[in-house]
file input23.cif (mmCIF, C-alpha atoms)
data_query
loop_
_atom_site.group_PDB
_atom_site.id
_atom_site.type_symbol
_atom_site.label_atom_id
_atom_site.label_comp_id
_atom_site.auth_asym_id
_atom_site.auth_seq_id
_atom_site.Cartn_x
_atom_site.Cartn_y
_atom_site.Cartn_z
ATOM 1 C CA THR A 1 251.322 299.952 110.336
ATOM 2 C CA LEU A 2 250.330 296.473 111.438
ATOM 3 C CA THR A 3 250.503 297.435 115.120
ATOM 4 C CA GLN A 4 247.627 299.874 114.612
ATOM 5 C CA TYR A 5 245.236 297.015 113.873
ATOM 6 C CA ASP A 6 243.379 295.359 116.749
ATOM 7 C CA ALA A 7 243.208 292.138 114.729
ATOM 8 C CA TRP A 8 245.002 290.986 111.600
ATOM 9 C CA GLY A 9 243.683 288.176 109.412
ATOM 10 C CA GLY A 10 246.014 287.992 106.443
ATOM 11 C CA GLY A 11 245.799 285.203 103.889
ATOM 12 C CA ARG A 12 248.515 282.662 103.212
ATOM 13 C CA LEU A 13 250.232 284.875 100.644
ATOM 14 C CA ALA A 14 249.514 288.182 102.407
ATOM 15 C CA THR A 15 252.038 290.107 104.482
ATOM 16 C CA ALA A 16 252.079 293.450 106.235
ATOM 17 C CA ASP A 17 253.600 294.924 103.076
ATOM 18 C CA SER A 18 250.441 293.920 101.183
ATOM 19 C CA ILE A 19 248.404 296.525 103.063
ATOM 20 C CA PRO A 20 247.984 299.719 101.024
ATOM 21 C CA PRO A 21 249.724 302.617 102.845
ATOM 22 C CA PHE A 22 246.583 304.697 103.348
ATOM 23 C CA SER A 23 245.360 306.261 106.585
ATOM 24 C CA PHE A 24 242.209 307.921 107.860
ATOM 25 C CA THR A 25 241.206 309.946 110.902
ATOM 26 C CA LEU A 26 237.780 309.910 112.519
ATOM 27 C CA ASP A 27 236.584 313.512 112.604
ATOM 28 C CA ASP A 28 232.982 313.038 113.700
ATOM 29 C CA PHE A 29 230.529 310.276 114.485
ATOM 30 C CA ASP A 30 226.754 310.728 114.450
ATOM 31 C CA VAL A 31 224.299 308.249 115.891
ATOM 32 C CA GLU A 32 220.545 308.348 116.376
ATOM 33 C CA PHE A 33 218.197 305.935 118.139
ATOM 34 C CA GLU A 34 214.449 305.432 117.886
ATOM 35 C CA ARG A 35 212.626 307.130 120.760
ATOM 36 C CA SER A 36 209.051 306.045 120.084
ATOM 37 C CA GLU A 37 207.595 303.273 122.200
ATOM 38 C CA ALA A 38 207.174 300.888 119.261
ATOM 39 C CA GLN A 39 210.896 300.355 118.622
ATOM 40 C CA ARG A 40 212.480 302.359 121.395
ATOM 41 C CA GLY A 41 216.262 302.179 121.310
ATOM 42 C CA ALA A 42 216.522 300.755 117.784
ATOM 43 C CA PRO A 43 219.408 302.269 115.785
ATOM 44 C CA ARG A 44 218.359 304.714 113.098
ATOM 45 C CA LEU A 45 221.584 306.413 111.999
ATOM 46 C CA PHE A 46 225.285 305.603 112.176
ATOM 47 C CA GLU A 47 227.599 307.925 110.253
ATOM 48 C CA ALA A 48 231.347 308.323 110.542
ATOM 49 C CA ARG A 49 233.047 311.275 108.897
ATOM 50 C CA VAL A 50 236.701 310.589 108.225
ATOM 51 C CA ALA A 51 239.654 312.390 106.654
ATOM 52 C CA VAL A 52 241.392 310.017 104.235
ATOM 53 C CA GLN A 53 244.967 310.052 102.922
ATOM 54 C CA ASN A 54 245.731 307.610 100.112
ATOM 55 C CA GLU A 55 249.417 307.606 101.032
ATOM 56 C CA PRO A 56 251.728 309.352 103.500
ATOM 57 C CA GLY A 57 252.092 313.032 102.677
ATOM 58 C CA ALA A 58 249.086 313.114 100.346
ATOM 59 C CA GLY A 59 246.288 315.608 100.793
ATOM 60 C CA ALA A 60 243.317 314.584 102.923
ATOM 61 C CA ARG A 61 239.778 314.301 101.621
ATOM 62 C CA GLU A 62 236.517 313.985 103.523
ATOM 63 C CA GLU A 63 234.540 310.744 103.294
ATOM 64 C CA LEU A 64 231.323 309.501 104.900
ATOM 65 C CA ILE A 65 231.088 305.881 106.085
ATOM 66 C CA GLU A 66 227.713 304.389 106.940
ATOM 67 C CA VAL A 67 226.585 300.922 107.964
ATOM 68 C CA ASN A 68 226.656 298.660 104.880
ATOM 69 C CA SER A 69 228.062 301.591 102.873
ATOM 70 C CA PRO A 70 231.850 301.260 103.003
ATOM 71 C CA ILE A 71 234.326 303.525 101.286
ATOM 72 C CA SER A 72 237.069 302.353 98.939
ATOM 73 C CA ILE A 73 240.659 303.441 99.500
ATOM 74 C CA ALA A 74 243.511 302.205 97.302
ATOM 75 C CA GLY A 75 241.655 298.996 96.485
ATOM 76 C CA ALA A 76 240.630 298.310 100.096
ATOM 77 C CA LYS A 77 237.154 298.706 101.576
ATOM 78 C CA VAL A 78 236.606 300.320 104.974
ATOM 79 C CA PHE A 79 233.474 299.235 106.874
ATOM 80 C CA LEU A 80 231.894 300.787 109.964
ATOM 81 C CA VAL A 81 231.283 297.799 112.255
ATOM 82 C CA GLY A 82 230.836 299.080 115.802
ATOM 83 C CA HIS A 83 230.753 301.970 118.232
ATOM 84 C CA GLY A 84 230.509 302.763 121.914
ATOM 85 C CA TYR A 85 231.326 305.265 124.639
ATOM 86 C CA ALA A 86 234.647 306.487 125.990
ATOM 87 C CA PRO A 87 234.247 308.321 129.325
ATOM 88 C CA SER A 88 236.790 311.067 130.075
ATOM 89 C CA PHE A 89 238.682 311.208 133.376
ATOM 90 C CA ILE A 90 241.291 313.311 135.141
ATOM 91 C CA VAL A 91 243.248 311.549 137.891
ATOM 92 C CA ARG A 92 245.455 313.371 140.403
ATOM 93 C CA ASP A 93 247.794 311.819 142.932
ATOM 94 C CA ALA A 94 247.978 312.684 146.624
ATOM 95 C CA SER A 95 250.160 315.715 145.814
ATOM 96 C CA GLY A 96 247.565 317.124 143.420
ATOM 97 C CA ASP A 97 249.611 316.438 140.283
ATOM 98 C CA VAL A 98 247.709 315.263 137.218
ATOM 99 C CA VAL A 99 248.808 311.704 136.418
ATOM 100 C CA PHE A 100 246.087 310.881 133.899
ATOM 101 C CA ASP A 101 243.877 312.967 131.603
ATOM 102 C CA ASP A 102 242.327 311.041 128.745
ATOM 103 C CA ASP A 103 239.329 309.213 127.310
ATOM 104 C CA VAL A 104 238.977 305.514 128.131
ATOM 105 C CA VAL A 105 237.260 303.064 125.796
ATOM 106 C CA PHE A 106 234.459 301.157 127.533
ATOM 107 C CA LEU A 107 232.934 298.085 125.887
ATOM 108 C CA PRO A 108 229.119 297.811 125.567
ATOM 109 C CA GLN A 109 227.539 294.829 127.302
ATOM 110 C CA ASP A 110 223.932 295.096 126.105
ATOM 111 C CA GLY A 111 221.692 296.849 123.612
ATOM 112 C CA ASN A 112 221.347 299.884 125.880
ATOM 113 C CA PHE A 113 225.144 300.291 125.959
ATOM 114 C CA THR A 114 225.738 299.497 129.596
ATOM 115 C CA SER A 115 229.530 299.528 129.251
ATOM 116 C CA THR A 116 232.494 298.311 131.263
ATOM 117 C CA GLY A 117 236.084 299.495 131.262
ATOM 118 C CA VAL A 118 239.299 299.803 133.234
ATOM 119 C CA ILE A 119 241.602 302.719 134.076
ATOM 120 C CA LYS A 120 245.228 301.983 134.970
ATOM 121 C CA ILE A 121 247.503 304.664 136.446
ATOM 122 C CA PRO A 122 251.041 303.222 136.622
ATOM 123 C CA ASP A 123 252.711 306.640 137.078
ATOM 124 C CA SER A 124 251.101 307.447 140.433
ATOM 125 C CA ASP A 125 252.594 306.504 143.792
ATOM 126 C CA PRO A 126 251.077 304.192 144.818
ATOM 127 C CA GLN A 127 249.760 302.862 141.525
ATOM 128 C CA LEU A 128 246.019 303.278 141.042
ATOM 129 C CA GLY A 129 243.453 301.218 139.177
ATOM 130 C CA PHE A 130 239.745 301.656 138.556
ATOM 131 C CA ARG A 131 237.015 299.358 137.328
ATOM 132 C CA GLY A 132 234.184 301.294 135.764
ATOM 133 C CA LEU A 133 230.587 300.866 134.667
ATOM 134 C CA PHE A 134 229.344 303.569 132.290
ATOM 135 C CA LEU A 135 225.594 304.080 131.925
ATOM 136 C CA PRO A 136 224.409 306.350 129.078
ATOM 137 C CA THR A 137 220.939 306.611 130.636
ATOM 138 C CA SER A 138 221.264 305.615 134.276
ATOM 139 C CA ALA A 139 218.850 303.475 136.256
ATOM 140 C CA ILE A 140 219.144 301.371 139.414
ATOM 141 C CA ASP A 141 216.839 298.650 140.691
ATOM 142 C CA ASP A 142 217.014 295.841 143.239
ATOM 143 C CA ILE A 143 217.264 293.107 140.607
ATOM 144 C CA ARG A 144 219.696 294.380 137.983
ATOM 145 C CA GLY A 145 221.454 297.022 140.017
ATOM 146 C CA PRO A 146 223.011 299.881 138.014
ATOM 147 C CA HIS A 147 222.192 299.633 134.311
ATOM 148 C CA SER A 148 221.287 301.722 131.286
ATOM 149 C CA VAL A 149 217.709 301.931 130.024
ATOM 150 C CA PHE A 150 218.419 303.704 126.714
ATOM 151 C CA PRO A 151 221.431 303.605 124.369
ATOM 152 C CA ASP A 152 221.777 307.374 123.953
ATOM 153 C CA ALA A 153 223.477 309.506 126.618
ATOM 154 C CA ASP A 154 220.385 311.121 128.136
ATOM 155 C CA ASP A 155 221.504 310.817 131.777
ATOM 156 C CA PRO A 156 225.108 309.561 131.830
ATOM 157 C CA SER A 157 226.877 308.395 134.950
ATOM 158 C CA VAL A 158 229.764 306.135 135.860
ATOM 159 C CA PHE A 159 230.169 303.717 138.764
ATOM 160 C CA LEU A 160 233.794 303.263 139.842
ATOM 161 C CA SER A 161 235.630 300.788 142.022
ATOM 162 C CA ALA A 162 239.036 302.221 143.067
ATOM 163 C CA TRP A 163 242.155 300.211 143.983
ATOM 164 C CA TYR A 164 245.746 301.015 144.918
ATOM 165 C CA GLY A 165 248.911 298.902 145.014
ATOM 166 C CA ASP A 166 250.847 297.032 142.323
ATOM 167 C CA LEU A 167 249.187 296.828 138.896
ATOM 168 C CA GLY A 168 251.577 294.040 137.876
ATOM 169 C CA LEU A 169 252.687 295.848 134.727
ATOM 170 C CA ASP A 170 256.378 295.432 135.573
ATOM 171 C CA SER A 171 256.206 291.630 135.604
ATOM 172 C CA GLY A 172 256.562 291.410 131.828
ATOM 173 C CA VAL A 173 253.338 289.419 131.484
ATOM 174 C CA PRO A 174 250.984 291.017 128.922
ATOM 175 C CA GLN A 175 247.702 292.342 130.297
ATOM 176 C CA SER A 176 244.418 293.220 128.682
ATOM 177 C CA ILE A 177 243.536 296.893 128.744
ATOM 178 C CA TYR A 178 239.970 295.855 129.578
ATOM 179 C CA SER A 179 240.781 293.934 132.776
ATOM 180 C CA LEU A 180 242.344 294.878 136.107
ATOM 181 C CA SER A 181 244.363 292.414 138.184
ATOM 182 C CA THR A 182 243.813 293.184 141.873
ATOM 183 C CA ASP A 183 245.916 290.347 143.320
ATOM 184 C CA GLU A 184 248.490 292.817 144.688
ATOM 185 C CA MET A 185 246.097 295.707 145.328
ATOM 186 C CA GLU A 186 243.827 296.989 148.077
ATOM 187 C CA GLN A 187 240.345 298.339 147.439
ATOM 188 C CA ILE A 188 239.704 301.996 148.225
ATOM 189 C CA GLY A 189 235.951 302.017 147.768
ATOM 190 C CA LEU A 190 233.002 302.456 145.398
ATOM 191 C CA ARG A 191 231.466 305.656 144.083
ATOM 192 C CA ALA A 192 228.957 306.827 141.461
ATOM 193 C CA LEU A 193 229.812 309.996 139.527
ATOM 194 C CA VAL A 194 228.049 312.230 137.042
ATOM 195 C CA PRO A 195 229.914 314.530 134.641
ATOM 196 C CA GLY A 196 231.780 317.204 136.581
ATOM 197 C CA GLN A 197 231.919 315.335 139.901
ATOM 198 C CA VAL A 198 235.173 314.557 141.743
ATOM 199 C CA TRP A 199 235.854 311.606 144.024
ATOM 200 C CA GLU A 200 238.555 312.334 146.589
ATOM 201 C CA PHE A 201 240.366 309.633 148.552
ATOM 202 C CA ALA A 202 243.601 309.342 150.533
ATOM 203 C CA GLN A 203 245.720 308.313 147.539
ATOM 204 C CA GLY A 204 244.430 311.047 145.217
ATOM 205 C CA GLU A 205 241.262 311.897 143.344
ATOM 206 C CA ILE A 206 239.444 311.178 140.090
ATOM 207 C CA GLU A 207 237.171 313.517 138.145
ATOM 208 C CA PHE A 208 234.569 312.363 135.623
ATOM 209 C CA THR A 209 234.712 315.142 133.030
ATOM 210 C CA GLY A 210 232.398 313.786 130.325
ATOM 211 C CA TRP A 211 232.348 311.295 127.497
ATOM 212 C CA THR A 212 232.900 310.882 123.788
ATOM 213 C CA ARG A 213 232.092 308.174 121.256
ATOM 214 C CA TRP A 214 234.441 305.672 119.680
ATOM 215 C CA SER A 215 234.003 303.769 116.428
ATOM 216 C CA SER A 216 235.520 300.552 115.135
ATOM 217 C CA PHE A 217 236.245 299.806 111.498
ATOM 218 C CA GLN A 218 237.012 296.745 109.442
ATOM 219 C CA ILE A 219 239.376 296.979 106.479
ATOM 220 C CA ALA A 220 239.049 294.358 103.744
ATOM 221 C CA PHE A 221 241.641 294.056 100.982
ATOM 222 C CA ASP A 222 240.824 291.221 98.549
ATOM 223 C CA PRO A 223 242.838 291.583 95.337
ATOM 224 C CA GLY A 224 241.926 288.053 94.224
ATOM 225 C CA LYS A 225 238.173 288.328 94.576
ATOM 226 C CA GLU A 226 237.613 288.866 90.827
ATOM 227 C CA ALA A 227 239.343 285.591 89.993
ATOM 228 C CA ALA A 228 237.389 283.841 92.736
ATOM 229 C CA LEU A 229 234.145 285.281 91.358
ATOM 230 C CA VAL A 230 234.894 284.074 87.825
ATOM 231 C CA ALA A 231 235.793 280.612 89.121
ATOM 232 C CA SER A 232 232.577 280.463 91.155
ATOM 233 C CA VAL A 233 230.450 281.464 88.162
ATOM 234 C CA LEU A 234 232.102 278.837 85.968
ATOM 235 C CA ALA A 235 231.591 276.209 88.659
ATOM 236 C CA MET A 236 227.896 277.107 88.933
ATOM 237 C CA LEU A 237 227.486 276.924 85.156
ATOM 238 C CA ALA A 238 229.157 273.525 85.069
ATOM 239 C CA LEU A 239 226.927 272.311 87.890
ATOM 240 C CA THR A 240 223.827 273.599 86.094
ATOM 241 C CA VAL A 241 224.809 271.806 82.895
ATOM 242 C CA SER A 242 225.398 268.589 84.818
ATOM 243 C CA LEU A 243 221.947 268.806 86.413
ATOM 244 C CA PHE A 244 220.210 269.076 83.037
ATOM 245 C CA THR A 245 222.359 266.477 81.259
ATOM 246 C CA ARG A 246 220.861 262.978 81.014
ATOM 247 C CA ARG A 247 223.500 260.662 82.371
ATOM 248 C CA ARG A 248 223.738 257.075 81.105
ATOM 249 C CA ARG A 249 226.293 254.351 80.573
ATOM 250 C CA ILE A 250 226.699 252.136 77.519
ATOM 251 C CA TRP A 251 228.842 248.994 77.455
ATOM 252 C CA LEU A 252 230.033 247.288 74.280
ATOM 253 C CA ARG A 253 231.854 243.954 74.308
ATOM 254 C CA ALA A 254 233.228 242.127 71.252
ATOM 255 C CA ARG A 255 234.446 238.500 71.293
ATOM 256 C CA ASP A 256 235.016 235.661 68.838
ATOM 257 C CA ASP A 257 232.588 232.744 68.891
ATOM 258 C CA GLU A 258 233.327 229.098 68.073
ATOM 259 C CA GLN A 259 232.639 229.581 64.352
ATOM 260 C CA GLY A 260 235.224 232.345 64.119
ATOM 261 C CA SER A 261 232.672 235.124 63.859
ATOM 262 C CA THR A 262 232.758 238.274 65.973
ATOM 263 C CA LEU A 263 229.946 238.474 68.516
ATOM 264 C CA VAL A 264 229.152 241.998 69.730
ATOM 265 C CA SER A 265 227.131 242.591 72.933
ATOM 266 C CA VAL A 266 225.662 246.009 73.792
ATOM 267 C CA ALA A 267 224.128 246.991 77.161
ATOM 268 C CA GLY A 268 223.011 250.253 78.764
ATOM 269 C CA LEU A 269 222.250 251.691 82.199
ATOM 270 C CA SER A 270 220.410 254.929 82.956
ATOM 271 C CA LYS A 271 221.847 257.120 85.770
ATOM 272 C CA SER A 272 218.630 259.121 86.200
ATOM 273 C CA GLU A 273 215.132 258.142 87.283
ATOM 274 C CA ALA A 274 213.367 259.115 84.061
ATOM 275 C CA GLY A 275 216.029 257.812 81.711
ATOM 276 C CA ASP A 276 215.437 255.347 78.858
ATOM 277 C CA VAL A 277 218.567 253.973 77.215
ATOM 278 C CA SER A 278 216.905 251.680 74.669
ATOM 279 C CA GLU A 279 217.348 254.190 71.849
ATOM 280 C CA ASP A 280 220.966 254.756 72.836
ATOM 281 C CA VAL A 281 221.622 251.016 72.909
ATOM 282 C CA ARG A 282 220.115 250.581 69.437
ATOM 283 C CA ALA A 283 222.151 253.512 68.134
ATOM 284 C CA VAL A 284 225.395 252.066 69.482
ATOM 285 C CA GLN A 285 224.411 248.661 68.148
ATOM 286 C CA GLN A 286 223.892 250.133 64.688
ATOM 287 C CA ILE A 287 227.216 251.963 64.838
ATOM 288 C CA ALA A 288 228.962 248.747 65.839
ATOM 289 C CA ALA A 289 227.260 246.841 63.022
ATOM 290 C CA ASP A 290 228.276 249.482 60.488
ATOM 291 C CA GLU A 291 231.852 249.430 61.722
ATOM 292 C CA ILE A 292 232.016 245.642 61.534
ATOM 293 C CA ALA A 293 230.486 245.676 58.066
ATOM 294 C CA GLY A 294 232.984 248.285 56.951
ATOM 295 C CA HIS A 295 235.919 246.308 58.272
ATOM 296 C CA THR A 296 234.597 243.135 56.637
ATOM 297 C CA ALA A 297 234.188 244.847 53.280
ATOM 298 C CA ALA A 298 237.667 246.314 53.508
ATOM 299 C CA SER A 299 239.116 242.898 54.334
ATOM 300 C CA ASN A 300 237.330 241.289 51.367
ATOM 301 C CA GLU A 301 238.606 243.964 48.981
ATOM 302 C CA THR A 302 242.145 243.463 50.222
ATOM 303 C CA THR A 303 241.877 239.689 49.764
ATOM 304 C CA ALA A 304 240.441 240.073 46.256
ATOM 305 C CA THR A 305 243.215 242.447 45.246
ATOM 306 C CA GLU A 306 245.907 240.090 46.481
ATOM 307 C CA THR A 307 244.307 237.174 44.577
ATOM 308 C CA THR A 308 244.175 239.142 41.298
ATOM 309 C CA ALA A 309 247.778 240.184 41.639
ATOM 310 C CA THR A 310 248.838 236.562 42.154
ATOM 311 C CA GLU A 311 246.938 235.353 39.121
ATOM 312 C CA THR A 312 248.492 238.063 36.943
ATOM 313 C CA THR A 313 251.950 237.081 38.046
ATOM 314 C CA VAL A 314 251.307 233.444 37.240
ATOM 315 C CA ASN A 315 250.024 234.279 33.753
ATOM 316 C CA ASP A 316 253.042 236.448 33.076
ATOM 317 C CA ASP A 317 255.353 233.617 34.060
ATOM 318 C CA ARG A 318 253.608 231.226 31.724
ATOM 319 C CA GLU A 319 253.972 233.607 28.796
ATOM 320 C CA LEU A 320 257.676 233.875 29.439
ATOM 321 C CA GLU A 321 258.069 230.085 29.443
ATOM 322 C CA GLN A 322 256.400 229.782 26.034
#

call {"tool": "encode", "arguments": {"input": "input23.cif", "output": "structure tokens"}}
result
Amino acid sequence: TLTQYDAWGGGRLATADSIPPFSFTLDDFDVEFERSEAQRGAPRLFEARVAVQNEPGAGAREELIEVNSPISIAGAKVFLVGHGYAPSFIVRDASGDVVFDDDVVFLPQDGNFTSTGVIKIPDSDPQLGFRGLFLPTSAIDDIRGPHSVFPDADDPSVFLSAWYGDLGLDSGVPQSIYSLSTDEMEQIGLRALVPGQVWEFAQGEIEFTGWTRWSSFQIAFDPGKEAALVASVLAMLALTVSLFTRRRRIWLRARDDEQGSTLVSVAGLSKSEAGDVSEDVRAVQQIAADEIAGHTAASNETTATETTATETTVNDDRELEQ
């Protein structure tokens, strides 16, 4: 459904009903990075294995999506466009009850996948919130502070800032899942955790249990692209023809002079640098002369015919009088 898309960019004539009713599930995601010193950290492999259903209730089939190698489903193309880390957490309240147990998507901030994210626990009492910094390969220095030095998870850790109070979710104002409003909250403290560690505090505790990877996909459905391609090709052909066509303008003006003759003037103008319109002007001049001569001859024949007919009529009348 449309609500499952993070962003929707439909055309003017497109609606949610235009989307083919397919679905797919991410089963596995493989990624590899260069470890040599020459191009350390450069991506070498991104592969997403998905189970695809062409329509609800249809059987699933396995497909492999790679960067710049999309798959086609029901006329739509599915592209692999991004990925990152989703740390896993278990949060318990002060009574020891589990109030949160899930993976949380963190967004990468640099090429080494130093990632930030937010955890919101509205079901605890008091409500809890955490700002997190996930480091796939942890490092700390006096200048940059905590950061990652390699994009793969060689030495993962997470730095958390814990808060309690009112998350503001009941106000009715939409909030981003990647930001935490602390206007009505009090800070508990800061702590760094590695997988398996637990941070206990008066309002409860949080356990960093591990991490998984997330992937983002782009779905493109362009049923009119064939028509657009044909139109583009025709436009390019027309442009090519216009570039190799010698453009020029020829003017022809006819007017009567004082003697009753028709005076014809011919002029030309080249629209290109290497153009010469003299031959074209002479050709048009010759055509005009031939046309005028033809009209003159036709007029003379008509006049001669009328004169002959008149003379014949007169002769016939004279014979009748005799």

call {"tool": "closest_atom_pairs", "arguments": {"input": "input23.cif", "of": "region 11-64 of chain A", "to": "region 199-216 of chain A", "cutoff": "10 Å", "atoms": "only C-alpha atoms", "output": "Markdown table"}}
result
| residue | atom | partner | partner_atom | distance |
| --- | --- | --- | --- | --- |
| A:Leu26 | CA | A:Ser215 | CA | 8.2 |
| A:Asp28 | CA | A:Arg213 | CA | 9.0 |
| A:Phe29 | CA | A:Arg213 | CA | 7.3 |
| A:Asp30 | CA | A:Arg213 | CA | 9.0 |
| A:Val31 | CA | A:Arg213 | CA | 9.5 |
| A:Phe46 | CA | A:Ser215 | CA | 9.9 |
| A:Glu47 | CA | A:Ser215 | CA | 9.8 |
| A:Ala48 | CA | A:Ser215 | CA | 7.9 |

call {"tool": "residues_around", "arguments": {"input": "input23.cif", "residues": "Gly129 (chain A)", "least_positions_apart": "3", "cutoff": "8 Å", "atoms": "all atoms listed in the file", "output": "count of residues only"}}
result
9

call {"tool": "axis_aligned_box", "arguments": {"input": "input23.cif", "around": "region 180-192 of chain A", "padding_each_side": "8 Å", "output": "JSON"}}
result
{"center_x": 238.7, "center_y": 298.6, "center_z": 142.2, "size_x": 35.5, "size_y": 32.5, "size_z": 28.1}

call {"tool": "atom_distance", "arguments": {"input": "input23.cif", "atom1": "CA of Leu190 (chain A)", "atom2": "CA of Gly111 (chain A)"}}
result
25.2 Å

call {"tool": "residues_around", "arguments": {"input": "input23.cif", "residues": "region 71-73 of chain A", "least_positions_apart": "2", "cutoff": "9 Å", "atoms": "all atoms listed in the file", "output": "PyMOL selection string"}}
result
chain A and resi 20+22-23+52-54+63-66+69+75-79

call {"tool": "residues_around", "arguments": {"input": "input23.cif", "residues": "Ala51 (chain A)", "least_positions_apart": "3", "cutoff": "8 Å", "atoms": "all atoms listed in the file", "output": "list in words"}}
result
Phe24, Thr25, Leu26, Asp27, Ala60, Arg61, Glu62 and Glu63 of chain A

call {"tool": "residues_around", "arguments": {"input": "input23.cif", "residues": "Asp103 (chain A)", "least_positions_apart": "3", "cutoff": "6 Å", "atoms": "only C-alpha atoms", "output": "ChimeraX atom specification"}}
result
/A:86-88

call {"tool": "write_last_selection", "arguments": {"input": "input23.cif", "atoms": "C-alpha atoms", "output": "PDB file, in the frame of the given file"}}
result
ATOM      1  CA  ALA A  86     234.647 306.487 125.990  1.00  0.00           C
ATOM      2  CA  PRO A  87     234.247 308.321 129.325  1.00  0.00           C
ATOM      3  CA  SER A  88     236.790 311.067 130.075  1.00  0.00           C
TER       4      SER A  88
END

call {"tool": "closest_residue", "arguments": {"input": "input23.cif", "among": "A:Asp290, A:Arg253, A:Leu239, A:Gly189", "to": "Gly268 (chain A)", "atoms": "only C-alpha atoms"}}
result
A:Arg253

call {"tool": "residues_around", "arguments": {"input": "input23.cif", "residues": "Glu279 (chain A)", "least_positions_apart": "2", "cutoff": "12 Å", "atoms": "all atoms listed in the file", "output": "MDAnalysis selection string"}}
result
chainID A and resid 248 250 266:270 275:277 281:286

call {"tool": "resolve_selection", "arguments": {"input": "input23.cif", "expression": "the PyMOL selection byres ((chain A and resi 41) around 8)", "output": "JSON, numbers by chain"}}
result
{"A": [33, 34, 35, 39, 40, 42, 43, 111, 112, 150, 151]}

call {"tool": "atom_distance", "arguments": {"input": "input23.cif", "atom1": "CA of Ile90 (chain A)", "atom2": "CA of Ile177 (chain A)"}}
result
17.8 Å

call {"tool": "closest_residue", "arguments": {"input": "input23.cif", "among": "A:Gly84, A:Gly96, A:Gly172, A:Gly196", "to": "Ala153 (chain A)", "atoms": "only C-alpha atoms"}}
result
A:Gly84
